[in-house]
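The structure file protein-v1.txt is reproduced below (compact mmCIF, C-alpha atoms and all ligand atoms).
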# COMPACT_ATOMS: atom_id res chain seq x y z
CA MET A 1 28.21 24.25 -2.44
CA ALA A 2 25.29 21.85 -1.93
CA VAL A 3 26.49 18.79 -0.05
CA ASN A 4 23.39 17.22 1.42
CA GLY A 5 20.58 18.91 -0.47
CA PHE A 6 19.15 17.47 -3.66
CA SER A 7 16.36 18.10 -6.13
CA LEU A 8 13.42 15.69 -6.17
CA ASN A 9 13.73 15.79 -9.95
CA GLY A 10 10.03 16.25 -10.46
CA ILE A 11 8.85 13.50 -8.09
CA GLU A 12 5.57 14.76 -6.64
CA LEU A 13 4.78 13.93 -3.04
CA GLY A 14 1.64 12.55 -1.53
CA VAL A 15 0.48 10.42 1.38
CA ALA A 16 -1.34 7.09 1.39
CA THR A 17 -4.07 5.56 3.55
CA ALA A 18 -6.54 2.67 3.41
CA ALA A 19 -10.19 2.75 4.48
CA THR A 20 -10.13 0.00 7.12
CA GLN A 21 -6.98 1.44 8.66
CA ILE A 22 -8.20 4.99 9.24
CA GLU A 23 -11.97 5.34 8.87
CA GLY A 24 -13.19 3.76 12.09
CA GLY A 25 -16.79 2.68 12.63
CA ARG A 26 -18.25 -0.80 12.95
CA VAL A 27 -18.51 -2.16 9.43
CA ASP A 28 -19.63 -5.68 8.52
CA SER A 29 -16.32 -6.70 6.97
CA ASN A 30 -13.85 -9.59 7.05
CA TRP A 31 -11.51 -7.50 9.21
CA GLN A 32 -14.10 -6.52 11.80
CA HIS A 33 -15.06 -10.19 12.19
CA TRP A 34 -11.42 -11.26 12.35
CA ALA A 35 -10.49 -8.61 14.94
CA ASP A 36 -13.52 -9.45 17.06
CA VAL A 37 -11.98 -12.87 17.81
CA PRO A 38 -9.76 -12.56 20.90
CA GLY A 39 -6.14 -13.29 20.14
CA ASN A 40 -6.28 -12.41 16.45
CA VAL A 41 -4.95 -8.86 16.89
CA ALA A 42 -1.86 -8.32 19.04
CA ASP A 43 -3.27 -5.55 21.26
CA GLY A 44 -6.92 -6.61 21.05
CA SER A 45 -7.91 -3.49 19.09
CA THR A 46 -10.29 -3.57 16.12
CA PRO A 47 -10.74 -1.24 13.12
CA GLU A 48 -13.76 0.30 14.91
CA ARG A 49 -11.69 3.10 16.38
CA ALA A 50 -8.74 3.72 14.04
CA ALA A 51 -8.40 7.44 13.17
CA ASP A 52 -12.16 8.10 13.01
CA HIS A 53 -11.48 9.59 9.60
CA TRP A 54 -15.04 8.86 8.44
CA ASN A 55 -16.20 11.61 10.81
CA ARG A 56 -13.17 13.85 10.47
CA VAL A 57 -12.73 14.35 6.74
CA ASP A 58 -12.64 18.14 7.03
CA GLN A 59 -10.12 18.14 9.85
CA ASP A 60 -7.92 15.70 7.94
CA LEU A 61 -8.15 17.76 4.79
CA GLU A 62 -6.71 20.69 6.74
CA LEU A 63 -3.84 18.44 7.79
CA LEU A 64 -3.24 17.31 4.21
CA LEU A 65 -2.99 20.97 3.22
CA ASP A 66 -0.68 21.58 6.15
CA LEU A 67 1.58 18.82 4.80
CA ASN A 68 1.52 20.44 1.33
CA VAL A 69 0.56 17.15 -0.30
CA LYS A 70 -0.13 17.24 -4.00
CA HIS A 71 -1.53 13.71 -4.10
CA TYR A 72 -3.65 11.61 -1.78
CA ARG A 73 -4.02 7.84 -2.07
CA MET A 74 -7.16 6.68 -0.30
CA GLY A 75 -9.10 3.44 -0.16
CA LEU A 76 -12.79 2.64 -0.28
CA GLU A 77 -14.54 0.42 2.24
CA TRP A 78 -16.30 -2.07 -0.02
CA ALA A 79 -18.51 -3.29 2.85
CA ARG A 80 -19.94 0.21 3.26
CA ILE A 81 -20.55 0.61 -0.47
CA GLU A 82 -22.10 -2.82 -1.11
CA PRO A 83 -23.53 -3.91 2.26
CA GLU A 84 -25.54 -6.69 0.60
CA PRO A 85 -24.78 -8.52 -2.62
CA GLY A 86 -25.70 -6.27 -5.54
CA VAL A 87 -27.15 -3.56 -3.26
CA PHE A 88 -25.17 -0.34 -3.41
CA SER A 89 -25.40 2.31 -0.73
CA GLY A 90 -26.16 5.79 -2.07
CA PRO A 91 -25.13 7.48 1.20
CA ALA A 92 -21.76 5.67 1.32
CA LEU A 93 -20.99 6.58 -2.28
CA ASP A 94 -22.13 10.16 -1.61
CA HIS A 95 -19.78 10.33 1.37
CA TYR A 96 -16.81 9.37 -0.80
CA ALA A 97 -18.00 11.73 -3.55
CA ASP A 98 -18.06 14.59 -1.03
CA GLU A 99 -14.57 13.73 0.19
CA LEU A 100 -13.24 13.56 -3.37
CA THR A 101 -14.94 16.85 -4.25
CA GLU A 102 -13.23 18.54 -1.31
CA LEU A 103 -9.85 17.07 -2.23
CA CYS A 104 -10.13 18.23 -5.84
CA ALA A 105 -11.32 21.69 -4.77
CA SER A 106 -8.21 21.91 -2.59
CA GLY A 107 -5.91 21.04 -5.48
CA ILE A 108 -5.09 17.56 -4.16
CA LYS A 109 -5.26 14.80 -6.76
CA PRO A 110 -6.79 11.53 -5.52
CA LEU A 111 -5.63 8.04 -6.35
CA VAL A 112 -8.31 5.59 -5.22
CA THR A 113 -7.80 1.97 -4.19
CA LEU A 114 -10.77 -0.30 -4.84
CA HIS A 115 -9.61 -3.32 -2.85
CA HIS A 116 -7.20 -3.03 0.09
CA PHE A 117 -7.49 -6.38 1.94
CA ASN A 118 -11.12 -5.57 2.87
CA ASN A 119 -14.19 -7.61 1.92
CA PRO A 120 -17.82 -7.26 2.89
CA TRP A 121 -18.69 -10.11 5.25
CA TRP A 122 -21.26 -11.55 2.82
CA PHE A 123 -18.49 -11.91 0.20
CA GLU A 124 -16.18 -13.52 2.73
CA GLU A 125 -18.94 -15.97 3.64
CA LEU A 126 -19.32 -16.84 -0.04
CA GLY A 127 -15.65 -17.85 -0.08
CA GLY A 128 -14.27 -14.46 -1.09
CA PHE A 129 -11.46 -14.74 -3.63
CA GLU A 130 -11.99 -18.51 -3.75
CA ASN A 131 -15.56 -18.13 -4.99
CA PRO A 132 -15.87 -19.04 -8.71
CA ASN A 133 -17.82 -15.78 -9.24
CA ALA A 134 -15.34 -13.55 -7.40
CA VAL A 135 -14.18 -11.80 -10.58
CA THR A 136 -17.74 -11.02 -11.63
CA ILE A 137 -18.58 -9.72 -8.16
CA LEU A 138 -15.48 -7.51 -8.01
CA THR A 139 -16.18 -6.20 -11.50
CA ARG A 140 -19.79 -5.33 -10.60
CA TYR A 141 -18.53 -3.37 -7.58
CA THR A 142 -15.89 -1.63 -9.72
CA ARG A 143 -18.46 -0.59 -12.32
CA GLN A 144 -20.77 0.93 -9.73
CA VAL A 145 -17.96 2.87 -8.10
CA VAL A 146 -16.41 4.18 -11.29
CA GLU A 147 -19.78 5.18 -12.74
CA ARG A 148 -20.57 7.14 -9.57
CA LEU A 149 -17.15 8.60 -8.70
CA GLY A 150 -15.49 8.72 -12.13
CA GLY A 151 -16.26 12.42 -12.55
CA LEU A 152 -14.04 13.14 -9.54
CA VAL A 153 -11.21 10.65 -9.91
CA ASP A 154 -9.43 9.16 -12.87
CA GLU A 155 -6.56 7.34 -11.16
CA TRP A 156 -7.26 3.94 -9.68
CA ILE A 157 -5.56 1.05 -7.97
CA THR A 158 -7.53 -2.12 -8.48
CA ILE A 159 -5.97 -4.33 -5.79
CA ASN A 160 -3.49 -3.53 -3.06
CA GLU A 161 -0.63 -6.01 -2.50
CA PRO A 162 -2.22 -9.14 -3.97
CA ASN A 163 0.81 -11.20 -2.85
CA VAL A 164 0.55 -10.08 0.78
CA TYR A 165 -3.22 -10.52 0.79
CA ALA A 166 -2.94 -14.08 -0.55
CA THR A 167 0.01 -15.25 1.55
CA GLN A 168 -1.06 -13.75 4.88
CA GLY A 169 -4.63 -15.01 4.56
CA TRP A 170 -4.15 -18.36 2.87
CA TYR A 171 -0.55 -19.49 3.36
CA PHE A 172 0.47 -18.24 6.82
CA GLY A 173 -3.15 -18.13 8.00
CA VAL A 174 -2.61 -15.06 10.18
CA TRP A 175 -5.12 -12.83 8.37
CA PRO A 176 -8.68 -13.59 7.36
CA PRO A 177 -9.77 -16.15 6.32
CA GLY A 178 -6.97 -17.86 8.29
CA LYS A 179 -6.14 -20.76 5.97
CA LYS A 180 -2.84 -22.54 5.53
CA SER A 181 -2.71 -24.05 2.08
CA LEU A 182 -0.31 -23.41 -0.81
CA LYS A 183 -2.92 -24.64 -3.27
CA ASP A 184 -5.50 -22.11 -2.02
CA THR A 185 -2.89 -19.34 -1.91
CA LEU A 186 -2.15 -19.88 -5.60
CA LYS A 187 -5.86 -20.03 -6.36
CA VAL A 188 -6.35 -16.63 -4.68
CA MET A 189 -3.39 -15.18 -6.59
CA GLN A 190 -4.96 -16.49 -9.80
CA THR A 191 -8.22 -14.73 -8.88
CA CYS A 192 -6.26 -11.53 -8.20
CA ILE A 193 -4.76 -11.69 -11.69
CA GLU A 194 -8.10 -12.28 -13.38
CA ALA A 195 -9.90 -9.72 -11.20
CA HIS A 196 -7.29 -7.05 -11.89
CA VAL A 197 -7.48 -7.56 -15.65
CA ALA A 198 -11.29 -7.47 -15.57
CA MET A 199 -11.31 -4.38 -13.31
CA TYR A 200 -8.70 -2.69 -15.51
CA ASN A 201 -10.82 -3.28 -18.61
CA THR A 202 -14.02 -2.21 -16.84
CA ILE A 203 -12.51 1.08 -15.68
CA HIS A 204 -11.17 1.82 -19.15
CA SER A 205 -14.54 1.02 -20.75
CA ILE A 206 -16.05 3.79 -18.60
CA GLN A 207 -13.07 6.16 -18.49
CA PRO A 208 -10.84 5.57 -21.51
CA ASP A 209 -8.18 7.98 -20.25
CA ALA A 210 -8.06 6.69 -16.68
CA LYS A 211 -4.73 5.63 -15.18
CA VAL A 212 -5.06 2.22 -13.60
CA GLY A 213 -2.57 -0.02 -11.84
CA VAL A 214 -1.88 -2.40 -8.96
CA ALA A 215 -0.06 -1.45 -5.75
CA HIS A 216 2.47 -4.28 -5.69
CA HIS A 217 4.31 -5.08 -2.47
CA LEU A 218 7.84 -5.66 -3.74
CA ARG A 219 10.91 -6.89 -1.93
CA LEU A 220 14.49 -7.65 -2.79
CA PHE A 221 15.22 -11.27 -2.01
CA ARG A 222 18.90 -11.56 -1.15
CA PRO A 223 20.81 -14.76 -0.34
CA ALA A 224 22.15 -14.85 3.24
CA ARG A 225 25.39 -16.50 2.08
CA LYS A 226 26.68 -14.99 -1.15
CA THR A 227 28.30 -18.21 -2.33
CA ASN A 228 25.68 -20.70 -1.21
CA PRO A 229 23.71 -22.13 -4.18
CA LEU A 230 20.82 -23.17 -1.94
CA ASP A 231 20.36 -19.60 -0.66
CA TRP A 232 20.44 -18.31 -4.24
CA ALA A 233 17.89 -20.89 -5.33
CA GLY A 234 15.66 -20.06 -2.35
CA ALA A 235 15.89 -16.33 -3.07
CA ARG A 236 15.03 -16.84 -6.73
CA ALA A 237 12.12 -19.16 -6.00
CA MET A 238 10.65 -16.80 -3.39
CA ALA A 239 11.04 -13.77 -5.63
CA TYR A 240 9.34 -15.61 -8.49
CA LEU A 241 6.42 -16.96 -6.48
CA PHE A 242 5.87 -13.97 -4.20
CA GLN A 243 6.09 -11.30 -6.87
CA GLY A 244 7.82 -11.98 -10.22
CA ALA A 245 5.18 -14.15 -11.88
CA LEU A 246 2.36 -12.07 -10.42
CA VAL A 247 3.75 -8.74 -11.61
CA LYS A 248 4.28 -9.99 -15.17
CA ALA A 249 0.79 -11.49 -15.28
CA MET A 250 -0.92 -8.38 -13.92
CA THR A 251 1.13 -5.92 -15.97
CA LEU A 252 1.47 -7.59 -19.36
CA GLY A 253 -0.79 -10.62 -19.29
CA GLU A 254 2.38 -12.71 -19.43
CA ILE A 255 1.15 -15.89 -17.74
CA ARG A 256 3.72 -18.33 -16.42
CA PRO A 257 3.38 -21.41 -14.22
CA PRO A 258 1.84 -21.90 -11.70
CA PHE A 259 -0.75 -19.50 -13.12
CA LYS A 260 -3.22 -20.24 -15.90
CA ARG A 261 -4.16 -18.08 -18.83
CA ASN A 262 -7.93 -18.51 -18.38
CA GLY A 263 -8.69 -16.23 -21.30
CA ILE A 264 -6.21 -13.46 -20.44
CA GLU A 265 -4.53 -12.21 -23.61
CA PRO A 266 -1.04 -10.73 -23.59
CA GLY A 267 -1.47 -6.95 -23.50
CA GLN A 268 -1.00 -3.93 -21.28
CA TYR A 269 -2.89 -4.00 -18.00
CA ALA A 270 -1.11 -1.23 -16.10
CA ASP A 271 -0.80 2.47 -16.89
CA PHE A 272 1.78 2.89 -14.16
CA HIS A 273 3.91 0.65 -11.97
CA GLY A 274 2.63 0.83 -8.40
CA VAL A 275 5.36 0.02 -5.87
CA ASN A 276 4.91 -0.51 -2.14
CA TYR A 277 8.44 -0.88 -0.79
CA TYR A 278 9.41 -1.34 2.84
CA THR A 279 12.16 -3.90 3.36
CA PRO A 280 14.34 -6.56 1.74
CA ASN A 281 14.30 -10.28 2.57
CA ILE A 282 17.35 -12.31 3.45
CA VAL A 283 16.97 -15.93 2.38
CA ARG A 284 18.79 -18.89 3.95
CA GLY A 285 17.85 -22.06 2.13
CA PHE A 286 14.10 -21.70 1.90
CA THR A 287 13.61 -19.66 5.05
CA GLU A 288 13.68 -15.93 5.63
CA GLU A 289 15.57 -13.99 8.25
CA VAL A 290 16.64 -10.46 9.11
CA ALA A 291 20.35 -9.79 8.71
CA PRO A 292 22.26 -8.99 11.92
CA ASN A 293 23.60 -5.52 12.67
CA VAL A 294 21.38 -3.68 10.22
CA ALA A 295 19.08 -0.68 10.65
CA VAL A 296 15.59 -1.83 11.62
CA ASN A 297 12.25 -0.20 12.35
CA ASP A 298 9.99 -0.74 15.37
CA LEU A 299 8.64 -3.93 13.81
CA GLY A 300 12.15 -5.29 13.22
CA TRP A 301 12.00 -4.77 9.44
CA GLU A 302 15.37 -4.01 7.87
CA ILE A 303 15.70 -0.51 6.44
CA TYR A 304 17.49 -0.68 3.10
CA PRO A 305 16.94 2.51 1.08
CA ALA A 306 19.00 1.47 -1.98
CA GLY A 307 16.50 -1.35 -2.51
CA ILE A 308 13.73 1.00 -3.59
CA ALA A 309 15.63 2.08 -6.71
CA GLN A 310 16.75 -1.49 -7.44
CA ILE A 311 13.15 -2.68 -7.40
CA CYS A 312 12.05 0.17 -9.64
CA ARG A 313 14.84 -0.59 -12.11
CA ARG A 314 13.63 -4.17 -12.46
CA LEU A 315 10.12 -2.97 -13.18
CA ASP A 316 11.39 -0.50 -15.74
CA GLU A 317 13.20 -3.37 -17.47
CA ILE A 318 9.97 -5.41 -17.64
CA PHE A 319 8.01 -2.56 -19.11
CA PRO A 320 8.80 1.16 -19.20
CA ALA A 321 5.90 3.06 -17.59
CA PRO A 322 5.62 5.89 -15.07
CA ILE A 323 6.51 4.63 -11.61
CA TYR A 324 4.37 5.57 -8.63
CA ILE A 325 5.73 4.67 -5.22
CA THR A 326 2.28 3.91 -3.88
CA GLU A 327 3.63 3.21 -0.36
CA ASN A 328 6.89 3.63 1.51
CA GLY A 329 7.28 4.35 5.19
CA THR A 330 8.45 3.10 8.54
CA ALA A 331 7.14 2.20 11.99
CA ASP A 332 8.91 4.73 14.21
CA ALA A 333 6.92 5.66 17.31
CA ALA A 334 9.55 8.10 18.56
CA ASP A 335 9.96 9.74 15.13
CA ALA A 336 13.65 9.14 15.65
CA TRP A 337 14.62 8.19 12.08
CA ARG A 338 11.58 8.79 9.85
CA SER A 339 13.16 11.97 8.41
CA ARG A 340 16.32 10.11 7.51
CA PHE A 341 14.25 7.28 6.06
CA LEU A 342 12.40 9.78 3.86
CA TYR A 343 15.62 11.48 2.86
CA ASP A 344 17.45 8.25 1.96
CA HIS A 345 14.59 6.70 -0.02
CA LEU A 346 13.78 9.89 -1.91
CA LYS A 347 17.45 10.48 -2.68
CA ALA A 348 17.80 6.97 -4.09
CA LEU A 349 14.74 7.57 -6.28
CA ALA A 350 15.63 11.10 -7.36
CA GLU A 351 19.12 10.06 -8.40
CA SER A 352 18.06 6.83 -10.12
CA GLY A 353 17.33 8.36 -13.51
CA LEU A 354 14.13 6.27 -13.57
CA PRO A 355 10.70 7.68 -14.48
CA VAL A 356 9.53 7.93 -10.87
CA LYS A 357 6.66 10.42 -10.92
CA ARG A 358 5.01 10.06 -7.53
CA TYR A 359 5.91 9.15 -3.98
CA TYR A 360 3.08 8.43 -1.53
CA HIS A 361 4.30 8.15 2.03
CA TRP A 362 2.72 5.47 4.22
CA CYS A 363 1.07 6.68 6.24
CA PHE A 364 -0.65 10.06 6.48
CA THR A 365 -1.69 9.57 10.14
CA ASP A 366 -0.94 6.66 12.44
CA ASN A 367 -3.12 3.79 11.27
CA TRP A 368 -4.71 0.58 12.52
CA GLU A 369 -2.03 -1.84 11.41
CA TRP A 370 -4.06 -5.05 10.82
CA VAL A 371 -3.03 -7.83 13.24
CA GLU A 372 -0.43 -5.54 14.79
CA GLY A 373 -3.25 -3.26 15.92
CA GLU A 374 -2.65 0.29 17.12
CA GLU A 375 0.91 -0.19 18.32
CA PRO A 376 3.03 0.46 15.19
CA ARG A 377 3.30 4.14 14.34
CA PHE A 378 3.66 4.83 10.64
CA GLY A 379 2.17 8.34 10.50
CA LEU A 380 3.61 11.66 9.48
CA VAL A 381 0.85 12.76 11.81
CA GLU A 382 0.79 11.33 15.31
CA LEU A 383 -2.58 10.11 16.54
CA ASP A 384 -3.76 9.83 20.11
CA TYR A 385 -6.28 7.00 19.76
CA ASP A 386 -8.06 7.90 23.02
CA THR A 387 -8.67 11.55 22.28
CA GLN A 388 -8.32 11.41 18.48
CA GLU A 389 -5.98 14.39 18.71
CA ARG A 390 -3.62 14.76 15.79
CA ARG A 391 -0.15 16.33 15.83
CA VAL A 392 2.19 16.73 12.87
CA ARG A 393 5.49 15.01 13.67
CA ASP A 394 8.82 16.65 12.88
CA SER A 395 9.21 14.24 9.96
CA GLY A 396 5.86 15.57 8.73
CA ARG A 397 7.28 19.09 8.79
CA PHE A 398 10.28 17.89 6.79
CA PHE A 399 7.95 16.19 4.31
CA ALA A 400 5.86 19.37 3.95
CA ASP A 401 8.98 21.42 3.28
CA MET A 402 10.19 19.02 0.57
CA SER A 403 6.77 18.82 -1.03
CA TRP A 404 6.48 22.60 -1.17
CA LYS A 405 9.95 23.22 -2.54
CA GLY A 406 10.45 20.16 -4.75
CA GLU A 407 13.86 19.67 -3.17
CA VAL A 408 15.72 19.02 0.05
CA THR A 409 17.50 22.21 0.94
CA GLU A 410 20.67 22.35 3.02
CA GLU A 411 18.66 24.10 5.70
CA ALA A 412 16.04 21.34 5.74
CA TYR A 413 18.77 18.72 5.97
CA SER A 414 20.38 20.41 8.99
CA ARG A 415 17.05 21.03 10.67
CA TRP A 416 15.36 17.66 10.26
CA VAL A 417 17.76 15.01 8.94
CA ALA A 418 21.21 15.63 10.42
CA ASN A 419 20.12 14.45 13.88
CA SER A 420 17.80 11.72 12.69
CA HIS A 421 19.48 8.31 13.12
CA TYR A 422 18.60 4.69 12.48
CA ARG A 423 19.02 2.12 15.21
CA LYS A 424 20.45 -1.32 14.57
CA ASN A 425 19.12 -4.69 15.59
O1 LIG B 501 -0.30 -0.88 6.64
C1 LIG B 501 0.18 -1.60 5.56
C2 LIG B 501 -0.69 -1.38 4.34
O2 LIG B 501 -2.02 -1.72 4.56
C3 LIG B 501 -0.19 -2.21 3.18
N1 LIG B 501 1.23 -2.05 2.98
C4 LIG B 501 2.09 -2.14 4.12
C5 LIG B 501 1.59 -1.22 5.22
C6 LIG B 501 2.54 -1.30 6.43
O3 LIG B 501 2.57 -2.58 6.93

Serialized structure, structure tokens:
Amino acid sequence: MAVNGFSLNGIELGVATAATQIEGGRVDSNWQHWADVPGNVADGSTPERAADHWNRVDQDLELLLDLNVKHYRMGLEWARIEPEPGVFSGPALDHYADELTELCASGIKPLVTLHHFNNPWWFEELGGFENPNAVTILTRYTRQVVERLGGLVDEWITINEPNVYATQGWYFGVWPPGKKSLKDTLKVMQTCIEAHVAMYNTIHSIQPDAKVGVAHHLRLFRPARKTNPLDWAGARAMAYLFQGALVKAMTLGEIRPPFKRNGIEPGQYADFHGVNYYTPNIVRGFTEEVAPNVAVNDLGWEIYPAGIAQICRRLDEIFPAPIYITENGTADAADAWRSRFLYDHLKALAESGLPVKRYYHWCFTDNWEWVEGEEPRFGLVELDYDTQERRVRDSGRFFADMSWKGEVTEEAYSRWVANSHYRKN
């Protein structure tokens, strides 16, 4: 009798990456400039090294095949594609076209992210998402890309984690452009809404059957004290401002304060729900904390697998659409619990009864983790940054087995999960 095994119930597995985090190379982008300033990145690294994927596409394709992935989420480096305003690089677009051609020829379906926190430096200097022409500029870039690459890819993510992008860069000031202003944060979120809708419409005008969405970073906001009204109010307010209002605006054109309609009509602006889920938030008053005595990853983020299905259920209630888990993963340098993490999150999804169609694990290889640098290890594939050697972790072997079989077998559970344990804070 099956005790620990389960069927994935049709959820197809893939892995996710982002250009700045794996490609390497010195690119004239907001992140290169930010990382060049001493003190901005914890270990002093920059995206210049990363996984050198730009020069190792073939090698990495072999690894993707080794992992049995059916889907690959990748990002584009806008600064490579449009190095000067309105000037598009044929060689950069050709490079991505070649990569996409190889993926398709290998039976791996690409999902391409147009904006993943990365701006060309010229755009950043123009004020980036605060520039009054930002939507037009992003739409021009989108049109060029989709016209060139649309024959190879028909699934797109317009913007990755607009809430994280806006709050880290404009509210906490720890990411470029390093501002600390609620007013500017909301302005950037407003631009994200308008840019997404314009990009969505642009893609569909070129590829009517394309599938387009946003990769939303979604959290469960839970009150620290179950009977404290202030904690409840804080949790509700944070959930609304960080994600609720943004998701409704970007999915259905349902505009609520503090956002403005600015010409956006109610409608459907997502062909799938894109969910990046990592951790819940515990709210005490209007501050956040990590609960004591809970499982945590190397970055101290709580691991709460049930939350992934709870988040998806809320989205399904807003609007029933296929759900793609566009990111889910954990920083686990020793690969001590990644297999259990995979098992628990996939089990919660597979048993949820929700229309979860895809699961993209973050990350394919270890990746340059923004201001955390090279230290956190999210990869199914371990990377030696000095030698650029790659090695599939045990959790990667477990992932490959699940992806191949469409289920977790009892044998796979005993081999990879039974001895994989979380550690508590
Ligand atoms: O590495 C990031 C990614 O760029 C966006 N989502 C969260 C990941 C882990 O922090």

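Using all atoms listed in the file, the contacts of A:Tyr422 at a cut-off of 10 Å, with sequence neighbours closer than 3 positions omitted, comprise Val294, Ala295, Val296, Asn297, Ile303, Asp332, Ala336, Trp337, Arg338, Ser339, Arg340, Phe341, Asn419 and Asn425 of chain A.
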
Can you tell me which residues come within 8 Å of ligand LIG 501 (chain B) when counting all atoms listed in the file, ideally as a list in words?
Thr17, Ala18, Gln21, His116, Phe117, Asn160, Glu161, His217, Asn276, Tyr278, Glu327, Asn328, Gly329, Thr330, Trp362, Cys363, Asn367, Trp368, Glu369, Trp370 and Phe378 of chain A

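Shortest separation to A:Lys183 among A:Pro229, A:Gly75, A:Ala235, A:Phe259 occurs at residue A:Phe259, atoms counted being all atoms listed in the file.
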
Padded axis-aligned box of stretch 343-347 of chain A (3 Å per side), centre and edge lengths, Å, one decimal, as JSON:
{"center_x": 15.6, "center_y": 9.1, "center_z": 0.1, "size_x": 9.7, "size_y": 10.8, "size_z": 11.5}

Go through A:Pro305, A:Gly244, A:Pro83, A:Pro177 and flag the residue nearest A:Trp122, using all atoms listed in the file for the distances.
A:Pro83

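Distance-wise, atom CA of A:Val15 and atom CA of A:Arg314 end up 24.0 Å apart.
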
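If all atoms listed in the file are the atoms counted, then among A:Gly373, A:Gly169, A:Gly151, A:Gly234 the closest residue to A:Gly39 is A:Gly373.
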
Considering only C-alpha atoms, return as an MDAnalysis selection string whatever protein or nucleic-acid residues lie within 7 Å of A:His115, sequence-local ones (same chain, fewer than 3 positions apart) excluded.
chainID A and resid 118 158:160

Go ahead and write the residues just picked, C-alpha atoms, as a compact mmCIF listing (two decimals), in the coordinates of the input.
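So the final result, stored in selection-v7.txt, reads:
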# COMPACT_ATOMS: atom_id res chain seq x y z
CA ASN A 118 -11.12 -5.57 2.87
CA THR A 158 -7.53 -2.12 -8.48
CA ILE A 159 -5.97 -4.33 -5.79
CA ASN A 160 -3.49 -3.53 -3.06

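With only C-alpha atoms as the basis for measurement, A:Gln32 is the residue among A:Asn293, A:Gln32, A:Asn133, A:Asn281 that approaches A:Pro120 most closely.
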
With a distance cut-off of 8 Å and all atoms listed in the file, select the neighbouring residues of A:Val188, excluding the residue or stretch itself and same-chain residues fewer than 3 positions from it, and output the selection as a PyMOL selection string.
chain A and resi 129-130+166+184-185+191-192

So which residues touch A:Tyr304 within 7 Å, counting only C-alpha atoms, skipping near sequence neighbours fewer than 3 positions away, as a PyMOL selection string?
chain A and resi 279-280+307

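Note that the spacing between atom CA of A:Leu63 and atom CA of A:Glu23 amounts to 15.5 Å.
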
Compile the contact shell of stretch 43-59 of chain A as number ranges by chain: residues with an atom at most 9 Å away, counting only C-alpha atoms, same-chain residues fewer than 5 positions apart removed.
A: 19-27, 31-32, 34-38, 64, 95, 99, 102, 365-375, 383-386, 388

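For the set A:Gly285, A:Gly14, A:Pro162, A:Gly274, the residue with the smallest atom-to-atom gap to A:Gln243 is A:Pro162, counting only C-alpha atoms.
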
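We find atom CA of A:Ser106 and atom CA of A:Glu12 to be spaced 16.0 Å apart.
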
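Between A:Arg415 and the residues A:Arg397, A:Lys347, A:Arg219, A:Lys179, the shortest atom-to-atom distance, using all atoms listed in the file, involves A:Arg397.
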
Any chance you could tabulate, as JSON lines, the residues of stretch 239-295 of chain A at most 8 Å from stretch 197-205 of chain A with each one's nearest atom pair and distance in Å to one decimal, using only C-alpha atoms, in chain and rising number order?
{"residue": "A:Met250", "atom": "CA", "partner": "A:Val197", "partner_atom": "CA", "distance": 6.8}
{"residue": "A:Ile264", "atom": "CA", "partner": "A:Val197", "partner_atom": "CA", "distance": 7.7}
{"residue": "A:Tyr269", "atom": "CA", "partner": "A:Val197", "partner_atom": "CA", "distance": 6.3}
{"residue": "A:Ala270", "atom": "CA", "partner": "A:Tyr200", "partner_atom": "CA", "distance": 7.8}
